[in-house]
Every structure is written in structure tokens, then in C-alpha cells.
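Q: Sending over a structure as C-alpha cells; questions will come in a sec.
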Amino acid sequence: MTLTLEDIWTRFAARLRFFIRGRVADDASAEDILQNVFVKIQQRLGTLRGVEKIEAWVHQIARNAIVDHFRAQRPTDELPDDLAQPLQDSTDEAEKAGLLAAFRRMITELPEPYREAVQLTELEGLTQQELATRLGISLSGAKSRVQRGRAMLKDMLLECCRFEFDRRGGVVECEPREKAGCVECAS
């Protein structure tokens with residue numbers, strides 16, 4: 001059985017109007033969303049596989065259209081002009097160079113198979129597939145070595161220093177732990 005847009009309108013328009021109206025306060029916006037839903041249905045009707053799934057398919061299009069409506073309504077704020085600042089200054093560069101040197105020294109303290117895996121992937125930029133090929137091991141073996149090496153390195157870093165992260169996981173601040181006696185951070 002082939003459904004036409006008119007069949008779908010007859011069967012679902014009233015329910016969709018009620019569904020959309022229950023989620024959008026403005027009648028005019030609800031009608032606009034309903035019209036957009038049927039435009040999308042018309043555009044995608046040829047992609048529908050199985051008439052038995054029509055109701056779920058139509059309601060998914062309606063849900064997506066409602067989400068799109070609210071995204072478009074979300075207010076945006078202008079960013080202040082003075083927000084843009086230099087990304088790095090000379091102090092940051094010196095600190096980063098020191099941290100990189102400390103990081104490299106910590107990597108050399110890892111047990112051999114993990115040290116090599118971390119050095120090749122993190123410092124030399126090899127993919128894990130390339131690592132596996134170079135070392136003559138399976139891809140899952142290479143992934144395991146890299147993962148375990150990273151975990152050991154993380155433990156070493158957390159034992160040595162206290163980190164503060166922003167909400168995206170970027171390091172905001174790093175300071176040596178007083179009792180750790182970390183040679184890496186003191187240098």
C-alpha cells in the first residue's frame with residue numbers, strides 16, 4: 001500500500017496538532033511547526049520503509065521539528081570585544097616547555113612495553129594501527145598497551161601534582177603536591 005501526503009494528513013494532522021500544541025504555547029507557532037512537519041514528510045516520504053512504522057516516523061519528525069523551533073528561539077548574547085586575548089605569552093610558553101620536559105621524563109619511567117607505546121603514539125603521532133604494525137602485534141594488543149601506559153602516566157601525574165580542570169576537561173591550573181617530593185615538578 002502506498003501512502004500519499006493527503007492520506008497522512010487525514011490520518012495524523014489532528015493528533016499532531018494536539019501533540020505540538022501541548023508542547024508549544026503559541027497557536028501560530030504550533031501551526032507553523034505542523035506545516036513544517038508536513039513539508040518534511042513530503043520531502044522524505046520516499047525514504048519510509050514499511051507503512052506499519054508510519055505513526056512512529058511521523059511523530060519523530062514532529063518531535064525534531066519542535067526541538068528545532070526551540071533551538072531557533074534560544075537567545076544569543078553578543079560576546080564582548082575585549083574577550084579575545086592572546087592565546088599564549090612568554091610565561092605560558094616557558095611553563096609549557098617545562099611541563100613537556102617533565103612529561104617526557106615521566107614517560108621514560110614507564111615499564112618498557114608501555115613506554116614505547118606511549119612514546120610512539122603520543123609524542124611521535126603514530127596511530128594505534130601504525131603502532132601495531134611497527135611492533136608486530138595485534139591492534140587490540142597495541143590499544144591495550146597505549147591504554148595501560150596512559151593510565152600509569154595519569155597515576156604518576158596525579159601523585160605528583162594537583163590539577164584543576166575547566167568544564168571541558170582542559171587543564172586550568174597545575175601545582176606540585178607538597179608531600180609528593182616530585183622531582184619532575186621541582187625542575
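A note on labels: chains of the C-alpha cells are A, B, ... as shown, every chain counts residues from 1, and ligands are counted from 1 in their shown order.
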Using DSSP on the backbone coordinates, identify all residues within range 19-164 of chain A classified as helix (DSSP H, G or I); present the result as a PyMOL selection string.

A: chain A and resi 19-21+27-47+51-73+81-83+90-108+112-123+128-135+139-160

Q: May I have the residues within 8 Å of Leu3 in chain A as a ChimeraX atom specification, using only C-alpha atoms and disregarding those fewer than 3 positions away in the same chain?

A: /A:7-8,51

Q: Go ahead and save the picked residues with C-alpha atoms, as a tab-separated table (two decimals), in the first residue's frame.

A:
chain	number	residue	atom	x	y	z
A	7	ASP	CA	-3.65	10.15	3.45
A	8	ILE	CA	-1.11	11.03	6.09
A	51	VAL	CA	3.94	1.53	6.18

Q: Hey, could you make a per-residue contact list for range 7-126 of chain A against range 150-156 of chain A with 8 Å as the cut-off, showing the nearest pair of atoms and its distance in Å to one decimal, counting only C-alpha atoms, sorted by chain and number, as a Markdown table?

A:
| residue | atom | partner | partner_atom | distance |
| --- | --- | --- | --- | --- |
| A:Met106 | CA | A:Leu153 | CA | 7.1 |
| A:Ile107 | CA | A:Leu153 | CA | 6.8 |
| A:Leu110 | CA | A:Met152 | CA | 7.3 |
| A:Val118 | CA | A:Arg150 | CA | 6.9 |

Q: From the set A:Leu45, A:Val146, A:Cys160, A:Leu126, which residue has the shortest atom-to-atom contact distance to Glu178 in chain A, counting only C-alpha atoms?

A: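 Of A:Leu45, A:Val146, A:Cys160, A:Leu126, the one nearest Glu178 in chain A is A:Cys160, counting only C-alpha atoms.
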
Q: Of the candidates A:Gln73, A:Pro176, A:Glu116, A:Glu31, which shows the shortest atom-to-atom distance to Glu164 in chain A, using only C-alpha atoms?

A: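 Ranking A:Gln73, A:Pro176, A:Glu116, A:Glu31 by distance to Glu164 in chain A, first place goes to A:Pro176.
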
Q: Check range 18-167 of chain A with DSSP on the backbone and list each residue it calls strand (DSSP E or B), as number ranges by chain.

A: A: 161-165

Q: Expressed in Å to a single decimal, how great is the separation between CA of Ala65 in chain A and CA of Asn36 in chain A?

A: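 So the two atoms, CA of Ala65 in chain A and CA of Asn36 in chain A, lie 7.3 Å apart.
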
Q: What does the distance from CA of Pro113 in chain A to CA of Ser140 in chain A come to in Å, to one decimal?

A: 14.1 Å

Q: Name the residues in contact with Val67 in chain A at a cut-off of 12 Å, using only C-alpha atoms, excluding same-chain residues fewer than 3 positions from it; report them as an mmCIF file with N, CA, C and O atoms, in the first residue's frame.

A:
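Saved file out-v5.cif follows:
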data_model
loop_
_atom_site.group_PDB
_atom_site.id
_atom_site.type_symbol
_atom_site.label_atom_id
_atom_site.label_comp_id
_atom_site.auth_asym_id
_atom_site.auth_seq_id
_atom_site.Cartn_x
_atom_site.Cartn_y
_atom_site.Cartn_z
ATOM 1 N N ILE A 20 1.710 18.837 19.144
ATOM 2 C CA ILE A 20 2.572 20.026 19.052
ATOM 3 C C ILE A 20 2.056 21.129 19.963
ATOM 4 O O ILE A 20 2.819 21.767 20.685
ATOM 5 N N ARG A 23 3.104 21.194 23.490
ATOM 6 C CA ARG A 23 4.495 21.499 23.783
ATOM 7 C C ARG A 23 4.899 22.923 23.422
ATOM 8 O O ARG A 23 5.955 23.391 23.836
ATOM 9 N N VAL A 24 4.065 23.592 22.638
ATOM 10 C CA VAL A 24 4.353 24.962 22.210
ATOM 11 C C VAL A 24 3.195 25.846 22.644
ATOM 12 O O VAL A 24 2.033 25.539 22.362
ATOM 13 N N ILE A 33 4.811 24.927 12.918
ATOM 14 C CA ILE A 33 5.544 23.680 13.120
ATOM 15 C C ILE A 33 4.821 22.534 12.408
ATOM 16 O O ILE A 33 5.449 21.703 11.744
ATOM 17 N N VAL A 37 6.311 20.164 9.563
ATOM 18 C CA VAL A 37 6.329 18.701 9.694
ATOM 19 C C VAL A 37 5.843 18.072 8.396
ATOM 20 O O VAL A 37 6.460 17.141 7.869
ATOM 21 N N GLN A 60 8.265 11.206 15.160
ATOM 22 C CA GLN A 60 9.682 11.560 15.301
ATOM 23 C C GLN A 60 9.980 12.840 14.534
ATOM 24 O O GLN A 60 10.708 13.709 15.020
ATOM 25 N N ILE A 61 9.425 12.974 13.361
ATOM 26 C CA ILE A 61 9.601 14.209 12.589
ATOM 27 C C ILE A 61 9.014 15.385 13.360
ATOM 28 O O ILE A 61 9.612 16.464 13.434
ATOM 29 N N ALA A 62 7.861 15.194 13.989
ATOM 30 C CA ALA A 62 7.235 16.258 14.771
ATOM 31 C C ALA A 62 8.100 16.623 15.977
ATOM 32 O O ALA A 62 8.292 17.817 16.272
ATOM 33 N N ARG A 63 8.619 15.628 16.691
ATOM 34 C CA ARG A 63 9.489 15.915 17.843
ATOM 35 C C ARG A 63 10.719 16.710 17.413
ATOM 36 O O ARG A 63 11.106 17.682 18.061
ATOM 37 N N ASN A 64 11.329 16.303 16.310
ATOM 38 C CA ASN A 64 12.505 17.018 15.808
ATOM 39 C C ASN A 64 12.159 18.455 15.413
ATOM 40 O O ASN A 64 12.942 19.381 15.646
ATOM 41 N N PHE A 70 12.496 25.363 19.204
ATOM 42 C CA PHE A 70 13.026 25.922 20.444
ATOM 43 C C PHE A 70 14.493 26.312 20.306
ATOM 44 O O PHE A 70 14.930 27.289 20.915
ATOM 45 N N ARG A 71 15.241 25.588 19.507
ATOM 46 C CA ARG A 71 16.639 25.982 19.276
ATOM 47 C C ARG A 71 16.696 27.338 18.584
ATOM 48 O O ARG A 71 17.555 28.157 18.875
ATOM 49 N N ALA A 72 15.812 27.553 17.638
ATOM 50 C CA ALA A 72 15.798 28.818 16.909
ATOM 51 C C ALA A 72 15.381 29.973 17.815
ATOM 52 O O ALA A 72 15.788 31.118 17.598
ATOM 53 N N GLN A 73 14.599 29.687 18.857
ATOM 54 C CA GLN A 73 14.118 30.721 19.761
ATOM 55 C C GLN A 73 15.112 31.060 20.864
ATOM 56 O O GLN A 73 14.953 32.059 21.548
ATOM 57 N N ARG A 74 16.130 30.197 21.038
ATOM 58 C CA ARG A 74 17.089 30.393 22.120
ATOM 59 C C ARG A 74 17.816 31.725 21.927
ATOM 60 O O ARG A 74 18.350 31.997 20.854
#

Q: Give the answer as one residue: which of A:Phe18, A:Tyr114, A:Trp57, A:Phe103 has the shortest atom-to-atom distance to Ala30 in chain A, using only C-alpha atoms?

A: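 Of all the options, A:Phe18 lies closest to Ala30 in chain A.
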
Q: Mind checking which residues fall within 12 Å of Ile54 in chain A, counting only C-alpha atoms, ignoring those fewer than 5 positions away in the same chain, and posting them as a PDB file with C-alpha atoms, in the first residue's frame?

A:
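Written output follows (part25.pdb):
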ATOM      1  CA  MET A   1       0.000   0.000   0.000  1.00  0.00           C
ATOM      2  CA  THR A   2       1.329   3.396  -0.997  1.00  0.00           C
ATOM      3  CA  LEU A   3       0.501   6.332   1.241  1.00  0.00           C
ATOM      4  CA  THR A   4       0.044   9.797  -0.153  1.00  0.00           C
ATOM      5  CA  LEU A   5       0.613  13.025   1.709  1.00  0.00           C
ATOM      6  CA  ASP A   7      -3.654  10.147   3.449  1.00  0.00           C
ATOM      7  CA  ILE A   8      -1.109  11.033   6.095  1.00  0.00           C
ATOM      8  CA  TRP A   9      -2.691  14.464   6.627  1.00  0.00           C
ATOM      9  CA  ARG A  11      -4.881  10.304   9.434  1.00  0.00           C
ATOM     10  CA  PHE A  12      -2.434  12.314  11.582  1.00  0.00           C
ATOM     11  CA  ILE A  41       7.082  14.360   5.430  1.00  0.00           C
ATOM     12  CA  ARG A  44      11.092  12.271   2.907  1.00  0.00           C
ATOM     13  CA  LEU A  45       8.071  10.128   2.082  1.00  0.00           C
ATOM     14  CA  GLY A  46      10.112   8.143  -0.414  1.00  0.00           C
ATOM     15  CA  THR A  47      12.557   7.106   2.333  1.00  0.00           C
ATOM     16  CA  LEU A  48       9.901   5.481   4.532  1.00  0.00           C
ATOM     17  CA  ARG A  49      10.463   1.747   4.783  1.00  0.00           C
ATOM     18  CA  HIS A  59       5.867  11.605  15.453  1.00  0.00           C
ATOM     19  CA  GLN A  60       9.682  11.560  15.301  1.00  0.00           C
ATOM     20  CA  ILE A  61       9.601  14.209  12.589  1.00  0.00           C
TER      21      ILE A  61
END

Q: Kindly indicate which residue among A:Cys161, A:Arg145, A:Leu131, A:Phe38 lies nearest to Thr10 in chain A, using only C-alpha atoms for the distances.

A: A:Phe38
